[in-house]
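Structure first, then comments.
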Amino acid sequence: MKQVRPKKNLGQHFLTDLSIAKRIADTVDQPYAELPVLEVGPGMGVMTQYLVEKPRPFKVVEIDRESVAYLKQNPQFSILNSQFSIIEGDFLRMDLQQVFDGQQFVLTGNYPYDISSQIFFKMLDNRELIPCCTGMIQHEVAVRMAAKPGNKQYGILSVLIQAWYDVEYLFTVEPSVFNPPPKVQSAVIRMTRNQVEHLGCDEQLFKRVVKTVFNQRRKMLRVSLKQLLSENALSVIAQSPFATLRPEQLTIAQFVELTNLVEKVVGTTE
């Protein structure tokens, strides 16, 4: 299928290297080759043309009317896959339970740089529906998502995603394969649900603790937790092994332990 460019530039960077598009599309084949696929932001179908060839239910969600019109005018998609359909709308506002009638699915896309984190937070909120998520994002975001403790890139996104997903940095995509070329590199990632069903702590408090301490990542935890705790509670934390650590030093298991400690000292000092 020949890739057709849109008549106007919508402030996006369009992938022009079809071999890269196919490589990204093929990331959905492992480890859930049998599940339906939802592509976010297909645009003019550069990835769609390869995803639609896969023998599985396939839908795309697109907010741009010109792109939707283009996709609808190309019957090749439905001819290649009778289970193909187009959803016109905003992925961030969708009820994902309705996409495949409550069935699990693989999420993929060439994600808009400015909302990729929001997309992944929505994935986390619907993690029981999405056992696998793949796609292309800004390189530095991909690095942060895959970063391990002790790395300066390790942060909020790393912890919150890796608590529930195993993250693989698959390959780098250079600016030259886009029109117009972006000023940054891109990267393709795959996230696969791990075996964690429950964190072992209050999940909302876990998020608050992680965000609070990384917002002052250069400070020791006994300092950064001042935003969250009273003086009495902080005095207990100051006696713990976490007191002099900085957030990038903690594993996810330690963040769970810290969250339970915070919950305990709040309960006993109030």
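Chain labels run A, B, ... following the order of the structure tokens; each chain numbers its residues from 1, and ligands are numbered from 1 in the order shown.
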All residues 8 Å or closer to region 43-59 of chain A, only C-alpha atoms, same chain fewer than 4 positions away omitted, as a tab-separated table (two decimals) with all heavy atoms, in the first residue's frame:
```tsv
chain	number	residue	atom	x	y	z
A	1	MET	N	0.84	-1.19	0.00
A	1	MET	CA	0.00	0.00	0.00
A	1	MET	C	0.88	1.24	0.00
A	1	MET	O	1.78	1.38	0.82
A	1	MET	CB	-0.91	0.02	1.25
A	1	MET	CG	-1.89	1.16	1.27
A	1	MET	SD	-2.86	1.12	2.80
A	1	MET	CE	-3.65	-0.47	2.63
A	3	GLN	N	2.11	4.87	0.73
A	3	GLN	CA	1.87	5.87	1.76
A	3	GLN	C	1.58	7.23	1.11
A	3	GLN	O	2.34	7.71	0.26
A	3	GLN	CB	3.09	5.99	2.68
A	3	GLN	CG	3.01	7.14	3.66
A	3	GLN	CD	1.93	6.92	4.70
A	3	GLN	OE1	1.34	5.85	4.78
A	3	GLN	NE2	1.65	7.93	5.47
A	4	VAL	N	0.47	7.85	1.48
A	4	VAL	CA	0.09	9.15	0.95
A	4	VAL	C	0.23	10.19	2.03
A	4	VAL	O	-0.27	10.02	3.14
A	4	VAL	CB	-1.37	9.13	0.43
A	4	VAL	CG1	-1.75	10.50	-0.10
A	4	VAL	CG2	-1.52	8.09	-0.66
A	5	ARG	N	0.90	11.28	1.72
A	5	ARG	CA	1.08	12.34	2.70
A	5	ARG	C	-0.18	13.18	2.83
A	5	ARG	O	-0.92	13.35	1.86
A	5	ARG	CB	2.25	13.25	2.30
A	5	ARG	CG	3.60	12.57	2.28
A	5	ARG	CD	4.66	13.58	1.89
A	5	ARG	NE	5.96	12.93	1.75
A	5	ARG	CZ	7.04	13.56	1.31
A	5	ARG	NH1	6.96	14.83	0.99
A	5	ARG	NH2	8.18	12.90	1.21
A	6	PRO	N	-0.42	13.77	3.99
A	6	PRO	CA	-1.56	14.66	4.16
A	6	PRO	C	-1.35	15.93	3.37
A	6	PRO	O	-0.23	16.32	3.05
A	6	PRO	CB	-1.57	14.94	5.67
A	6	PRO	CG	-0.16	14.71	6.10
A	6	PRO	CD	0.36	13.62	5.22
A	15	LEU	N	6.36	9.87	9.75
A	15	LEU	CA	7.34	8.81	9.49
A	15	LEU	C	7.29	8.45	8.01
A	15	LEU	O	6.24	8.10	7.47
A	15	LEU	CB	7.01	7.60	10.35
A	15	LEU	CG	7.93	6.39	10.25
A	15	LEU	CD1	9.35	6.77	10.70
A	15	LEU	CD2	7.39	5.25	11.12
A	16	THR	N	8.43	8.54	7.33
A	16	THR	CA	8.47	8.28	5.88
A	16	THR	C	9.21	7.00	5.52
A	16	THR	O	9.12	6.53	4.39
A	16	THR	CB	9.15	9.45	5.14
A	16	THR	OG1	10.46	9.66	5.68
A	16	THR	CG2	8.34	10.74	5.31
A	18	LEU	N	9.31	3.34	5.45
A	18	LEU	CA	8.34	2.26	5.65
A	18	LEU	C	8.95	1.03	6.34
A	18	LEU	O	8.23	0.28	6.99
A	18	LEU	CB	7.73	1.86	4.31
A	18	LEU	CG	6.93	2.97	3.59
A	18	LEU	CD1	6.22	2.41	2.37
A	18	LEU	CD2	5.92	3.61	4.54
A	21	ALA	N	8.46	1.72	9.90
A	21	ALA	CA	7.04	1.57	10.23
A	21	ALA	C	6.69	0.10	10.42
A	21	ALA	O	5.95	-0.27	11.35
A	21	ALA	CB	6.17	2.18	9.13
A	22	LYS	N	7.21	-0.76	9.55
A	22	LYS	CA	6.93	-2.20	9.67
A	22	LYS	C	7.57	-2.77	10.93
A	22	LYS	O	6.97	-3.60	11.62
A	22	LYS	CB	7.43	-2.95	8.45
A	22	LYS	CG	7.03	-4.43	8.46
A	22	LYS	CD	7.47	-5.15	7.21
A	22	LYS	CE	6.89	-6.58	7.18
A	22	LYS	NZ	7.21	-7.35	8.40
A	24	ILE	N	8.10	-1.26	13.72
A	24	ILE	CA	7.29	-0.85	14.87
A	24	ILE	C	6.01	-1.68	14.92
A	24	ILE	O	5.61	-2.17	15.98
A	24	ILE	CB	6.95	0.65	14.81
A	24	ILE	CG1	8.21	1.49	14.78
A	24	ILE	CG2	6.09	1.05	16.02
A	24	ILE	CD1	7.97	2.96	14.49
A	25	ALA	N	5.37	-1.86	13.77
A	25	ALA	CA	4.13	-2.64	13.72
A	25	ALA	C	4.36	-4.07	14.22
A	25	ALA	O	3.52	-4.65	14.91
A	25	ALA	CB	3.58	-2.65	12.30
A	26	ASP	N	5.50	-4.62	13.89
A	26	ASP	CA	5.79	-6.01	14.27
A	26	ASP	C	6.07	-6.18	15.76
A	26	ASP	O	6.10	-7.31	16.26
A	26	ASP	CB	6.97	-6.54	13.46
A	26	ASP	CG	6.59	-6.82	12.01
A	26	ASP	OD1	5.38	-6.86	11.70
A	26	ASP	OD2	7.51	-6.98	11.18
A	34	GLU	N	-2.14	-13.15	19.74
A	34	GLU	CA	-3.55	-13.50	19.49
A	34	GLU	C	-4.52	-12.39	19.90
A	34	GLU	O	-5.70	-12.42	19.53
A	34	GLU	CB	-3.90	-14.78	20.25
A	34	GLU	CG	-4.12	-14.62	21.76
A	34	GLU	CD	-2.85	-14.39	22.56
A	34	GLU	OE1	-1.75	-14.47	21.98
A	34	GLU	OE2	-2.95	-14.12	23.77
A	35	LEU	N	-4.05	-11.39	20.64
A	35	LEU	CA	-4.96	-10.37	21.17
A	35	LEU	C	-5.28	-9.30	20.13
A	35	LEU	O	-4.48	-9.03	19.23
A	35	LEU	CB	-4.35	-9.70	22.40
A	35	LEU	CG	-4.26	-10.52	23.68
A	35	LEU	CD1	-3.72	-9.66	24.82
A	35	LEU	CD2	-5.62	-11.10	24.06
A	36	PRO	N	-6.45	-8.65	20.25
A	36	PRO	CA	-6.76	-7.50	19.40
A	36	PRO	C	-5.74	-6.39	19.60
A	36	PRO	O	-5.04	-6.35	20.61
A	36	PRO	CB	-8.14	-7.06	19.88
A	36	PRO	CG	-8.71	-8.23	20.61
A	36	PRO	CD	-7.54	-8.95	21.20
A	37	VAL	N	-5.68	-5.48	18.63
A	37	VAL	CA	-4.74	-4.35	18.68
A	37	VAL	C	-5.50	-3.05	18.53
A	37	VAL	O	-6.40	-2.92	17.69
A	37	VAL	CB	-3.68	-4.47	17.55
A	37	VAL	CG1	-2.79	-3.23	17.52
A	37	VAL	CG2	-2.84	-5.72	17.73
A	38	LEU	N	-5.12	-2.06	19.34
A	38	LEU	CA	-5.62	-0.70	19.21
A	38	LEU	C	-4.44	0.21	18.91
A	38	LEU	O	-3.49	0.28	19.69
A	38	LEU	CB	-6.32	-0.23	20.49
A	38	LEU	CG	-6.81	1.22	20.48
A	38	LEU	CD1	-7.92	1.42	19.44
A	38	LEU	CD2	-7.30	1.65	21.86
A	39	GLU	N	-4.49	0.90	17.77
A	39	GLU	CA	-3.45	1.85	17.41
A	39	GLU	C	-3.93	3.26	17.72
A	39	GLU	O	-5.01	3.67	17.29
A	39	GLU	CB	-3.09	1.74	15.92
A	39	GLU	CG	-1.99	2.73	15.51
A	39	GLU	CD	-1.73	2.77	14.01
A	39	GLU	OE1	-2.45	2.10	13.25
A	39	GLU	OE2	-0.81	3.51	13.60
A	64	ASP	N	-7.90	13.52	14.58
A	64	ASP	CA	-7.84	14.47	13.47
A	64	ASP	C	-8.80	14.08	12.35
A	64	ASP	O	-8.73	12.98	11.81
A	64	ASP	CB	-6.40	14.53	12.93
A	64	ASP	CG	-6.30	15.41	11.70
A	64	ASP	OD1	-6.63	16.61	11.79
A	64	ASP	OD2	-5.93	14.87	10.64
A	67	SER	N	-7.31	13.06	8.87
A	67	SER	CA	-6.74	11.72	8.88
A	67	SER	C	-7.84	10.66	8.87
A	67	SER	O	-7.73	9.64	8.18
A	67	SER	CB	-5.84	11.54	10.12
A	67	SER	OG	-4.74	12.40	10.07
A	68	VAL	N	-8.89	10.88	9.64
A	68	VAL	CA	-10.02	9.94	9.66
A	68	VAL	C	-10.63	9.82	8.27
A	68	VAL	O	-10.91	8.71	7.78
A	68	VAL	CB	-11.09	10.40	10.68
A	68	VAL	CG1	-12.36	9.56	10.53
A	68	VAL	CG2	-10.55	10.28	12.11
A	70	TYR	N	-9.19	10.36	5.41
A	70	TYR	CA	-8.27	9.63	4.54
A	70	TYR	C	-8.37	8.13	4.77
A	70	TYR	O	-8.44	7.33	3.83
A	70	TYR	CB	-6.83	10.10	4.79
A	70	TYR	CG	-5.82	9.24	4.08
A	70	TYR	CD1	-5.58	9.39	2.72
A	70	TYR	CD2	-5.14	8.22	4.76
A	70	TYR	CE1	-4.67	8.57	2.06
A	70	TYR	CE2	-4.23	7.41	4.12
A	70	TYR	CZ	-4.01	7.58	2.76
A	70	TYR	OH	-3.13	6.76	2.11
A	71	LEU	N	-8.38	7.72	6.04
A	71	LEU	CA	-8.46	6.30	6.35
A	71	LEU	C	-9.76	5.68	5.84
A	71	LEU	O	-9.77	4.55	5.33
A	71	LEU	CB	-8.33	6.09	7.87
A	71	LEU	CG	-6.98	6.46	8.49
A	71	LEU	CD1	-7.07	6.41	10.01
A	71	LEU	CD2	-5.86	5.54	8.00
A	77	PHE	N	-7.88	-1.17	3.77
A	77	PHE	CA	-7.77	-1.56	5.17
A	77	PHE	C	-8.82	-2.62	5.52
A	77	PHE	O	-8.52	-3.64	6.12
A	77	PHE	CB	-7.91	-0.35	6.09
A	77	PHE	CG	-6.80	0.65	5.96
A	77	PHE	CD1	-7.06	1.97	5.70
A	77	PHE	CD2	-5.47	0.26	6.11
A	77	PHE	CE1	-6.03	2.90	5.57
A	77	PHE	CE2	-4.43	1.17	6.00
A	77	PHE	CZ	-4.71	2.50	5.72
A	80	LEU	N	-8.22	-5.97	3.62
A	80	LEU	CA	-7.16	-6.79	4.19
A	80	LEU	C	-7.55	-7.42	5.52
A	80	LEU	O	-7.09	-8.49	5.87
A	80	LEU	CB	-5.89	-5.94	4.39
A	80	LEU	CG	-5.12	-5.58	3.12
A	80	LEU	CD1	-4.06	-4.53	3.41
A	80	LEU	CD2	-4.48	-6.82	2.52
A	81	ASN	N	-8.42	-6.71	6.26
A	81	ASN	CA	-8.82	-7.21	7.58
A	81	ASN	C	-10.27	-6.84	7.82
A	81	ASN	O	-10.60	-5.68	8.08
A	81	ASN	CB	-7.92	-6.60	8.66
A	81	ASN	CG	-8.15	-7.21	10.03
A	81	ASN	OD1	-9.22	-7.75	10.32
A	81	ASN	ND2	-7.16	-7.12	10.91
A	83	GLN	N	-11.96	-7.28	10.26
A	83	GLN	CA	-12.19	-6.91	11.65
A	83	GLN	C	-11.63	-5.51	11.95
A	83	GLN	O	-11.52	-5.11	13.12
A	83	GLN	CB	-11.54	-7.93	12.59
A	83	GLN	CG	-12.07	-9.34	12.38
A	83	GLN	CD	-11.40	-10.34	13.29
A	83	GLN	OE1	-11.84	-10.57	14.42
A	83	GLN	NE2	-10.33	-10.95	12.82
A	84	PHE	N	-11.25	-4.77	10.91
A	84	PHE	CA	-10.70	-3.42	11.07
A	84	PHE	C	-11.81	-2.39	11.21
A	84	PHE	O	-12.82	-2.44	10.51
A	84	PHE	CB	-9.84	-3.07	9.85
A	84	PHE	CG	-9.40	-1.63	9.81
A	84	PHE	CD1	-8.38	-1.19	10.64
A	84	PHE	CD2	-10.01	-0.71	8.97
A	84	PHE	CE1	-7.97	0.14	10.62
A	84	PHE	CE2	-9.61	0.60	8.94
A	84	PHE	CZ	-8.58	1.04	9.77
A	85	SER	N	-11.61	-1.43	12.13
A	85	SER	CA	-12.55	-0.33	12.24
A	85	SER	C	-11.86	0.92	12.78
A	85	SER	O	-10.78	0.84	13.39
A	85	SER	CB	-13.74	-0.69	13.14
A	85	SER	OG	-13.31	-0.97	14.46
A	86	ILE	N	-12.48	2.07	12.52
A	86	ILE	CA	-11.91	3.37	12.89
A	86	ILE	C	-12.77	4.01	13.96
A	86	ILE	O	-14.00	4.09	13.82
A	86	ILE	CB	-11.85	4.30	11.66
A	86	ILE	CG1	-11.01	3.67	10.55
A	86	ILE	CG2	-11.30	5.68	12.04
A	86	ILE	CD1	-11.19	4.34	9.20
A	87	ILE	N	-12.13	4.47	15.02
A	87	ILE	CA	-12.81	5.22	16.07
A	87	ILE	C	-12.36	6.67	15.96
A	87	ILE	O	-11.17	6.96	16.06
A	87	ILE	CB	-12.47	4.69	17.48
A	87	ILE	CG1	-12.81	3.21	17.59
A	87	ILE	CG2	-13.17	5.51	18.56
A	87	ILE	CD1	-12.26	2.55	18.86
A	109	GLY	N	1.30	2.50	18.78
A	109	GLY	CA	1.16	3.77	18.08
A	109	GLY	C	2.48	4.49	17.93
A	109	GLY	O	3.48	4.17	18.56
```
Using only C-alpha atoms, what does the table of region 220-250 of chain A residues within 12 Å of region 201-214 of chain A look like, with each row giving the shortest atom pair and its distance in Å to one decimal, sorted by chain and ascending number, as JSON lines?
```
{"residue": "A:Met220", "atom": "CA", "partner": "A:Val213", "partner_atom": "CA", "distance": 8.5}
{"residue": "A:Leu221", "atom": "CA", "partner": "A:Val213", "partner_atom": "CA", "distance": 6.6}
{"residue": "A:Arg222", "atom": "CA", "partner": "A:Val213", "partner_atom": "CA", "distance": 9.5}
{"residue": "A:Val223", "atom": "CA", "partner": "A:Val213", "partner_atom": "CA", "distance": 8.8}
{"residue": "A:Ser224", "atom": "CA", "partner": "A:Val213", "partner_atom": "CA", "distance": 5.2}
{"residue": "A:Leu225", "atom": "CA", "partner": "A:Val213", "partner_atom": "CA", "distance": 6.3}
{"residue": "A:Lys226", "atom": "CA", "partner": "A:Thr212", "partner_atom": "CA", "distance": 9.2}
{"residue": "A:Gln227", "atom": "CA", "partner": "A:Thr212", "partner_atom": "CA", "distance": 7.2}
{"residue": "A:Leu228", "atom": "CA", "partner": "A:Thr212", "partner_atom": "CA", "distance": 7.4}
{"residue": "A:Leu229", "atom": "CA", "partner": "A:Val209", "partner_atom": "CA", "distance": 10.3}
{"residue": "A:Phe242", "atom": "CA", "partner": "A:Val213", "partner_atom": "CA", "distance": 11.7}
{"residue": "A:Ala243", "atom": "CA", "partner": "A:Val213", "partner_atom": "CA", "distance": 11.8}
{"residue": "A:Leu245", "atom": "CA", "partner": "A:Val213", "partner_atom": "CA", "distance": 10.5}
{"residue": "A:Arg246", "atom": "CA", "partner": "A:Val213", "partner_atom": "CA", "distance": 8.1}
{"residue": "A:Pro247", "atom": "CA", "partner": "A:Phe214", "partner_atom": "CA", "distance": 6.1}
{"residue": "A:Glu248", "atom": "CA", "partner": "A:Phe214", "partner_atom": "CA", "distance": 7.9}
{"residue": "A:Gln249", "atom": "CA", "partner": "A:Phe214", "partner_atom": "CA", "distance": 11.0}
{"residue": "A:Leu250", "atom": "CA", "partner": "A:Val210", "partner_atom": "CA", "distance": 10.1}
```
As JSON, numbers by chain, please: the residues near Ile137 (chain A) (cut-off 10 Å, only C-alpha atoms, same-chain neighbours under 6 positions excluded). {"A": [109, 110, 111, 112, 113, 114, 115, 116, 117, 172, 173, 185, 186, 187, 188, 189]}
Leaving out region 119-132 of chain A and any residue of its chain fewer than 5 positions from it, which residues lie within 9 Å of it when counting only C-alpha atoms, given as a ChimeraX atom specification? /A:28,30-32,91-92,96-97,102-108,111,157,160-161,164-165,190-194
Among the residues of region 71-141 of chain A, find those DSSP assigns to strand (DSSP E or B) from the backbone and print them as a PyMOL selection string. chain A and resi 84-88+106-110+132-138
Distance of CA of Gly135 (chain A) from CA of Thr27 (chain A), expressed in Å to one decimal place: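 That distance, rounded to one decimal, is 7.7 Å.
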Looking only at alpha helix (DSSP H) from DSSP on the backbone, list the matching residues of region 164-217 of chain A as a list of chain:residue names. A:Glu203, A:Gln204, A:Leu205, A:Phe206, A:Lys207, A:Arg208, A:Val209, A:Val210, A:Lys211, A:Thr212, A:Val213, A:Phe214
Keeping all heavy atoms, export the residues of the selection given above as a short mmCIF file (atom, residue, chain, number, x, y, z; two decimals), in the first residue's frame.
```cif
data_model
loop_
_atom_site.label_atom_id
_atom_site.label_comp_id
_atom_site.auth_asym_id
_atom_site.auth_seq_id
_atom_site.Cartn_x
_atom_site.Cartn_y
_atom_site.Cartn_z
N GLU A 203 -1.92 2.07 46.97
CA GLU A 203 -1.43 2.49 45.65
C GLU A 203 -1.44 4.02 45.48
O GLU A 203 -0.51 4.60 44.90
CB GLU A 203 -2.26 1.84 44.54
CG GLU A 203 -1.72 2.14 43.16
CD GLU A 203 -2.56 1.52 42.05
OE1 GLU A 203 -3.25 0.53 42.32
OE2 GLU A 203 -2.50 2.04 40.92
N GLN A 204 -2.48 4.67 45.97
CA GLN A 204 -2.55 6.12 45.83
C GLN A 204 -1.45 6.80 46.66
O GLN A 204 -0.84 7.78 46.21
CB GLN A 204 -3.94 6.63 46.26
CG GLN A 204 -5.06 6.19 45.34
CD GLN A 204 -4.81 6.57 43.89
OE1 GLN A 204 -4.43 7.69 43.58
NE2 GLN A 204 -5.02 5.61 42.98
N LEU A 205 -1.20 6.28 47.85
CA LEU A 205 -0.13 6.84 48.68
C LEU A 205 1.23 6.56 48.03
O LEU A 205 2.13 7.41 48.08
CB LEU A 205 -0.19 6.25 50.09
CG LEU A 205 0.85 6.79 51.09
CD1 LEU A 205 0.74 8.30 51.23
CD2 LEU A 205 0.69 6.10 52.45
N PHE A 206 1.38 5.40 47.43
CA PHE A 206 2.60 5.05 46.70
C PHE A 206 2.90 6.12 45.64
O PHE A 206 4.02 6.62 45.54
CB PHE A 206 2.43 3.68 46.06
CG PHE A 206 3.57 3.21 45.20
CD1 PHE A 206 4.70 2.63 45.75
CD2 PHE A 206 3.50 3.33 43.81
CE1 PHE A 206 5.75 2.18 44.95
CE2 PHE A 206 4.54 2.89 43.00
CZ PHE A 206 5.66 2.31 43.58
N LYS A 207 1.89 6.48 44.86
CA LYS A 207 2.06 7.50 43.82
C LYS A 207 2.46 8.83 44.44
O LYS A 207 3.35 9.53 43.93
CB LYS A 207 0.77 7.68 43.03
CG LYS A 207 0.39 6.50 42.16
CD LYS A 207 -0.92 6.78 41.45
CE LYS A 207 -1.42 5.59 40.66
NZ LYS A 207 -2.73 5.87 40.03
N ARG A 208 1.81 9.20 45.54
CA ARG A 208 2.12 10.48 46.19
C ARG A 208 3.55 10.50 46.71
O ARG A 208 4.26 11.50 46.56
CB ARG A 208 1.14 10.74 47.34
CG ARG A 208 -0.26 11.11 46.91
CD ARG A 208 -1.14 11.40 48.13
NE ARG A 208 -0.64 12.53 48.89
CZ ARG A 208 -0.98 12.80 50.15
NH1 ARG A 208 -1.80 11.98 50.80
NH2 ARG A 208 -0.50 13.86 50.77
N VAL A 209 3.97 9.41 47.32
CA VAL A 209 5.34 9.33 47.86
C VAL A 209 6.36 9.44 46.72
O VAL A 209 7.32 10.22 46.80
CB VAL A 209 5.54 8.02 48.64
CG1 VAL A 209 7.03 7.81 48.95
CG2 VAL A 209 4.74 8.04 49.94
N VAL A 210 6.14 8.69 45.66
CA VAL A 210 7.07 8.69 44.52
C VAL A 210 7.16 10.09 43.91
O VAL A 210 8.27 10.62 43.67
CB VAL A 210 6.64 7.66 43.46
CG1 VAL A 210 7.46 7.83 42.18
CG2 VAL A 210 6.79 6.24 44.00
N LYS A 211 6.03 10.71 43.66
CA LYS A 211 6.03 12.03 43.04
C LYS A 211 6.64 13.08 43.97
O LYS A 211 7.38 13.96 43.53
CB LYS A 211 4.60 12.42 42.65
CG LYS A 211 4.04 11.61 41.49
CD LYS A 211 2.61 12.01 41.15
CE LYS A 211 2.07 11.20 39.99
NZ LYS A 211 0.66 11.58 39.66
N THR A 212 6.35 12.97 45.26
CA THR A 212 6.86 13.94 46.22
C THR A 212 8.37 13.93 46.31
O THR A 212 9.03 14.97 46.23
CB THR A 212 6.26 13.68 47.63
OG1 THR A 212 4.84 13.87 47.57
CG2 THR A 212 6.85 14.65 48.65
N VAL A 213 8.95 12.75 46.43
CA VAL A 213 10.40 12.69 46.62
C VAL A 213 11.17 12.97 45.33
O VAL A 213 12.25 13.58 45.38
CB VAL A 213 10.84 11.34 47.24
CG1 VAL A 213 10.23 11.17 48.62
CG2 VAL A 213 10.49 10.16 46.34
N PHE A 214 10.62 12.59 44.19
CA PHE A 214 11.33 12.87 42.94
C PHE A 214 11.22 14.34 42.53
O PHE A 214 12.02 14.82 41.74
CB PHE A 214 10.85 11.96 41.81
CG PHE A 214 11.57 10.64 41.76
CD1 PHE A 214 10.90 9.46 42.05
CD2 PHE A 214 12.92 10.58 41.44
CE1 PHE A 214 11.57 8.25 42.01
CE2 PHE A 214 13.59 9.37 41.40
CZ PHE A 214 12.91 8.19 41.69
#
```
Using only C-alpha atoms, pick whichever of A:Tyr169, A:Glu263, A:Lys219, A:Leu234 has the shortest atom-to-atom distance to Thr134 (chain A). A:Tyr169
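Reported to one decimal place, the separation of CA of Arg144 (chain A) from CA of Leu261 (chain A) is 26.4 Å.
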Could you list, as a JSON list (two decimals) with all heavy atoms, in the first residue's frame, every residue within 9 Å of Pro175 (chain A), counting only C-alpha atoms and ignoring same-chain residues fewer than 5 positions away?
```json
[["chain", "number", "residue", "atom", "x", "y", "z"],
["A", 180, "PRO", "N", 8.55, 16.76, 8.60],
["A", 180, "PRO", "CA", 9.93, 17.27, 8.68],
["A", 180, "PRO", "C", 10.69, 16.57, 9.80],
["A", 180, "PRO", "O", 10.07, 16.06, 10.74],
["A", 180, "PRO", "CB", 9.71, 18.75, 9.00],
["A", 180, "PRO", "CG", 8.43, 18.77, 9.78],
["A", 180, "PRO", "CD", 7.56, 17.71, 9.16],
["A", 181, "PRO", "N", 12.03, 16.54, 9.74],
["A", 181, "PRO", "CA", 12.80, 15.88, 10.80],
["A", 181, "PRO", "C", 12.64, 16.60, 12.13],
["A", 181, "PRO", "O", 12.75, 17.82, 12.19],
["A", 181, "PRO", "CB", 14.26, 16.00, 10.29],
["A", 181, "PRO", "CG", 14.14, 16.25, 8.83],
["A", 181, "PRO", "CD", 12.88, 17.03, 8.64],
["A", 182, "PRO", "N", 12.34, 15.86, 13.21],
["A", 182, "PRO", "CA", 12.27, 16.50, 14.53],
["A", 182, "PRO", "C", 13.67, 16.85, 15.02],
["A", 182, "PRO", "O", 14.67, 16.40, 14.44],
["A", 182, "PRO", "CB", 11.64, 15.42, 15.40],
["A", 182, "PRO", "CG", 12.05, 14.14, 14.74],
["A", 182, "PRO", "CD", 12.08, 14.42, 13.27],
["A", 183, "LYS", "N", 13.75, 17.64, 16.06],
["A", 183, "LYS", "CA", 15.04, 18.05, 16.60],
["A", 183, "LYS", "C", 15.60, 17.04, 17.61],
["A", 183, "LYS", "O", 16.68, 17.25, 18.15],
["A", 183, "LYS", "CB", 14.92, 19.43, 17.25],
["A", 183, "LYS", "CG", 14.57, 20.54, 16.26],
["A", 183, "LYS", "CD", 14.47, 21.89, 16.95],
["A", 183, "LYS", "CE", 14.13, 22.97, 15.94],
["A", 183, "LYS", "NZ", 14.00, 24.31, 16.60],
["A", 184, "VAL", "N", 14.83, 15.98, 17.86],
["A", 184, "VAL", "CA", 15.27, 14.98, 18.84],
["A", 184, "VAL", "C", 15.17, 13.59, 18.23],
["A", 184, "VAL", "O", 14.48, 13.37, 17.24],
["A", 184, "VAL", "CB", 14.38, 15.04, 20.11],
["A", 184, "VAL", "CG1", 14.56, 16.37, 20.81],
["A", 184, "VAL", "CG2", 12.91, 14.79, 19.76],
["A", 185, "GLN", "N", 15.86, 12.64, 18.85],
["A", 185, "GLN", "CA", 15.75, 11.25, 18.45],
["A", 185, "GLN", "C", 14.46, 10.66, 19.00],
["A", 185, "GLN", "O", 13.89, 11.16, 19.97],
["A", 185, "GLN", "CB", 16.93, 10.45, 18.98],
["A", 185, "GLN", "CG", 18.25, 10.70, 18.28],
["A", 185, "GLN", "CD", 19.34, 9.80, 18.82],
["A", 185, "GLN", "OE1", 19.42, 9.56, 20.02],
["A", 185, "GLN", "NE2", 20.18, 9.28, 17.93],
["A", 186, "SER", "N", 14.02, 9.58, 18.38],
["A", 186, "SER", "CA", 12.87, 8.83, 18.86],
["A", 186, "SER", "C", 13.34, 7.43, 19.25],
["A", 186, "SER", "O", 14.47, 7.05, 18.98],
["A", 186, "SER", "CB", 11.79, 8.75, 17.78],
["A", 186, "SER", "OG", 11.36, 10.05, 17.40]]
```
